[in-house]
Amino acid sequence: MKIADLYIRVSTDEQADKGYSQRSQEEVLRKYCGIQNIAVRKVIFEDYSAKTFNRPAWTDMLDRFRKEKGKSIGLLLFTKWDRFSRNAGDAYQMINILRKIGIDPQAIEQPLDLSIPENKMMLAFYLAAPEVENDRRALNTFYGMRRARKEGRYLTTGPYGYINRTTEGGKKSIVPVEAKARVVKWAFEQVAKQRVHIDDIRREVNCKGLNCSKSNFYTLLKNPVYCGKIVVPEYRDEPRQLVQGQHEPIITEELFYEVQDILNGKKRIQLVKTTTEDCLPLRGFLLCPKCGKQLTGSASKGRNHYYYYYHCIATCGSRYKAGLANDSFVNELQQFVPKPGMAELFKLIVKDIYSQQVGSQSEGRKELLSQIQLQNDAITKARKLLLDDAIDSTDYKSIKLDCETKLLSLEARLTGHGRPTFDLDSSVNKAVDTLNRLEMIYKEADTTQKRKIIGSIYPEKLCFDGYTYRTTKINEAAQLIFLINSKLYAKKNRTKLDFSSLSDSVAGAGLEPTTFGL
């Protein structure tokens, strides 16, 4: 009497689509064995796809066959060849492996005597048919998903800040989660301001609940979904493209492309990246007056407690007590506090500068329109060269893709130029209030907030000689206060206070009222 193992396979999608079941397969196989007088030794159940033979139950069964070397059984039975495999190439290889160890694989509903050469043609058909069906199903799914992306639909699990929802019409979409969306928007805005190192921003958003690694944070910042765009990947002759999504954006296109310029190095400014002790808030912001290298900070253990110092990373020997340097910096901040009665003058100067900048916005808009026209002209010229056989289709596609990428960024910036102005009075009043309390705010802040204040006032490093601070660049708003206070001091010494000179001295610095909130 022949002895056989029964192999029963069904995947979840097949059972749902075609009504396959393990019970019905087992019933058919046992009935066949009863009629053919075949003894059943073992039934193997598999719930896995047949695209490959890398299946758990199959792997265990094959290992057992190899150990037995065909001495215990001679048949492996299944209902159809698509239960065995849906990959013709792998199937032929597996059939040869089984026959070498004395196992004859057979489909009871598609029986073939493989010792007859002509039957191999039928075997090829039985194996190729399910593979073709698999490939067609996969291709239909791929084209369907690509078409959905072109329509602006987001198909996979929503990124951080979004949640998946199904509309009344049955279409799947993503909608913002208010609390998480605020975190994402805050992260983009902080990167665009360039006041804090990107990794420090990542740590802060992790505290807000994001919890992602450095690489994942950069991936988040490069995801166009947040500005309402859907990526359609490159495929064959179709280039990669961005289409307008059907979901609600969390940030503006202008903000997204500004962050991309920073990440790509076009607008990157190297900022301080460091963790610091509470007694060393200035670590990483100071330069050595002797050699120009950076001053770092550390603690020196004394008999009873630790003493903190700022010292040069080189070997020039510069070393300053941290307490003295910190106190001197607090005194330095006092020069940016408006003198009594000067708040109104500050407001007048800011409004004057702002009106000058608003007047120049139309020039910026014209410049953007000119650049957009240049990119469109480049595409037109490339198309003409293609028609004249001066360039091939590959070169044309490369030129077109490069121009369209630039056009997306330019058009996003053009949108920003068309927006209405913000409430200037409210912003200036808030800035004046902050500046009036600057020294107190700094003293009461924790180390992280102190470093933010330092970075916002001084975009470049400070040089400390043990008594005073020097720098080549100051935040425009702080510089304006310093100039007003200096002019006021000059007036007290009988020097004329010239309003126009104050305005002109900072108008060329690109003063933006949005930078006043220190």
# chains A, B, ... in the order shown; residues from 1 in each chain; ligands from 1

call {"tool": "closest_atom_pairs", "arguments": {"of": "segment 138-183 of chain A", "to": "segment 203-222 of chain A", "cutoff": "8 Å", "atoms": "only C-alpha atoms", "output": "CSV"}}
result
residue,atom,partner,partner_atom,distance
A:Tyr160,CA,A:Leu210,CA,7.6
A:Lys180,CA,A:Leu210,CA,7.9
A:Val183,CA,A:Val205,CA,6.6

call {"tool": "write_last_selection", "arguments": {"atoms": "all heavy atoms", "output": "compact mmCIF listing (two decimals), in the first residue's frame"}}
result
# COMPACT_ATOMS: atom_id res chain seq x y z
N TYR A 160 2.73 60.76 10.92
CA TYR A 160 2.48 61.42 12.21
C TYR A 160 1.77 62.76 11.97
O TYR A 160 2.19 63.55 11.13
CB TYR A 160 3.78 61.65 12.95
CG TYR A 160 3.59 62.23 14.34
CD1 TYR A 160 3.36 61.40 15.42
CD2 TYR A 160 3.60 63.60 14.55
CE1 TYR A 160 3.17 61.92 16.70
CE2 TYR A 160 3.41 64.14 15.81
CZ TYR A 160 3.19 63.29 16.88
OH TYR A 160 2.99 63.81 18.13
N LYS A 180 -1.39 66.53 17.37
CA LYS A 180 -0.17 66.09 16.69
C LYS A 180 0.18 67.01 15.53
O LYS A 180 1.37 67.25 15.25
CB LYS A 180 -0.34 64.65 16.19
CG LYS A 180 -0.47 63.62 17.31
CD LYS A 180 -0.58 62.21 16.76
CE LYS A 180 -0.66 61.18 17.89
NZ LYS A 180 -0.79 59.80 17.36
N VAL A 183 2.22 69.89 16.65
CA VAL A 183 3.63 69.54 16.87
C VAL A 183 4.40 69.56 15.56
O VAL A 183 5.52 70.09 15.48
CB VAL A 183 3.74 68.14 17.53
CG1 VAL A 183 5.20 67.71 17.63
CG2 VAL A 183 3.09 68.14 18.90

call {"tool": "select_by_dssp", "arguments": {"residues": "segment 90-256 of chain A", "states": "alpha helix (DSSP H)", "output": "VMD selection string"}}
result
chain A and resid 90 to 100 119 to 150 178 to 193 198 to 207 214 to 221 253 to 256

call {"tool": "residues_around", "arguments": {"residues": "Val191 of chain A", "least_positions_apart": "6", "cutoff": "12 Å", "atoms": "only C-alpha atoms", "output": "count of residues only"}}
result
26

call {"tool": "residues_around", "arguments": {"residues": "Ala299 of chain A", "least_positions_apart": "6", "cutoff": "8 Å", "atoms": "only C-alpha atoms", "output": "list in words"}}
result
Tyr306, Tyr307, Tyr308 and Tyr309 of chain A

call {"tool": "residues_around", "arguments": {"residues": "Gln110 of chain A", "least_positions_apart": "5", "cutoff": "10 Å", "atoms": "only C-alpha atoms", "output": "PDB file with N, CA, C and O atoms, in the first residue's frame"}}
result
ATOM      1  N   PHE A  78      -1.848  17.007  -3.101  1.00  0.00           N
ATOM      2  CA  PHE A  78      -2.543  18.287  -2.910  1.00  0.00           C
ATOM      3  C   PHE A  78      -3.646  18.341  -3.960  1.00  0.00           C
ATOM      4  O   PHE A  78      -3.680  17.516  -4.902  1.00  0.00           O
ATOM      5  N   THR A  79      -4.553  19.274  -3.840  1.00  0.00           N
ATOM      6  CA  THR A  79      -5.717  19.289  -4.743  1.00  0.00           C
ATOM      7  C   THR A  79      -5.349  19.763  -6.146  1.00  0.00           C
ATOM      8  O   THR A  79      -5.663  19.097  -7.131  1.00  0.00           O
ATOM      9  N   LYS A  80      -4.720  20.924  -6.264  1.00  0.00           N
ATOM     10  CA  LYS A  80      -4.342  21.475  -7.578  1.00  0.00           C
ATOM     11  C   LYS A  80      -2.907  21.980  -7.515  1.00  0.00           C
ATOM     12  O   LYS A  80      -2.351  22.197  -6.441  1.00  0.00           O
ATOM     13  N   TRP A  81      -2.349  22.201  -8.706  1.00  0.00           N
ATOM     14  CA  TRP A  81      -0.959  22.641  -8.763  1.00  0.00           C
ATOM     15  C   TRP A  81      -0.763  24.050  -8.202  1.00  0.00           C
ATOM     16  O   TRP A  81       0.328  24.410  -7.766  1.00  0.00           O
ATOM     17  N   MET A 122       1.703  19.904 -20.183  1.00  0.00           N
ATOM     18  CA  MET A 122       0.534  20.201 -19.361  1.00  0.00           C
ATOM     19  C   MET A 122       0.954  20.747 -17.998  1.00  0.00           C
ATOM     20  O   MET A 122       0.311  21.642 -17.439  1.00  0.00           O
ATOM     21  N   LEU A 123       2.067  20.210 -17.457  1.00  0.00           N
ATOM     22  CA  LEU A 123       2.569  20.706 -16.181  1.00  0.00           C
ATOM     23  C   LEU A 123       2.938  22.191 -16.300  1.00  0.00           C
ATOM     24  O   LEU A 123       2.637  22.991 -15.407  1.00  0.00           O
ATOM     25  N   TYR A 126      -0.283  24.172 -16.147  1.00  0.00           N
ATOM     26  CA  TYR A 126      -0.851  24.203 -14.803  1.00  0.00           C
ATOM     27  C   TYR A 126      -0.067  25.136 -13.864  1.00  0.00           C
ATOM     28  O   TYR A 126      -0.648  25.792 -13.000  1.00  0.00           O
TER      29      TYR A 126
END

call {"tool": "atom_distance", "arguments": {"atom1": "atom CA of Ala181 of chain A", "atom2": "atom CA of Ile251 of chain A"}}
result
9.0 Å

call {"tool": "select_by_dssp", "arguments": {"residues": "segment 157-195 of chain A", "states": "strand (DSSP E)", "output": "list of chain:residue names"}}
result
A:Tyr162, A:Ile163, A:Asn164, A:Arg165, A:Thr166, A:Lys172, A:Ser173, A:Ile174, A:Val175, A:Pro176

call {"tool": "closest_residue", "arguments": {"among": "A:Val350, A:Leu139, A:Ile95, A:Ile101", "to": "Leu114 of chain A", "atoms": "only C-alpha atoms"}}
result
A:Ile95

call {"tool": "closest_residue", "arguments": {"among": "A:Asp104, A:Glu27, A:Glu238, A:Glu46", "to": "Tyr7 of chain A", "atoms": "only C-alpha atoms"}}
result
A:Glu46

call {"tool": "closest_residue", "arguments": {"among": "A:Arg303, A:Arg413, A:Lys452, A:Lys366", "to": "Thr252 of chain A", "atoms": "only C-alpha atoms"}}
result
A:Arg413

call {"tool": "closest_residue", "arguments": {"among": "A:Arg137, A:Lys339, A:Arg283, A:Arg23", "to": "Leu435 of chain A", "atoms": "only C-alpha atoms"}}
result
A:Lys339
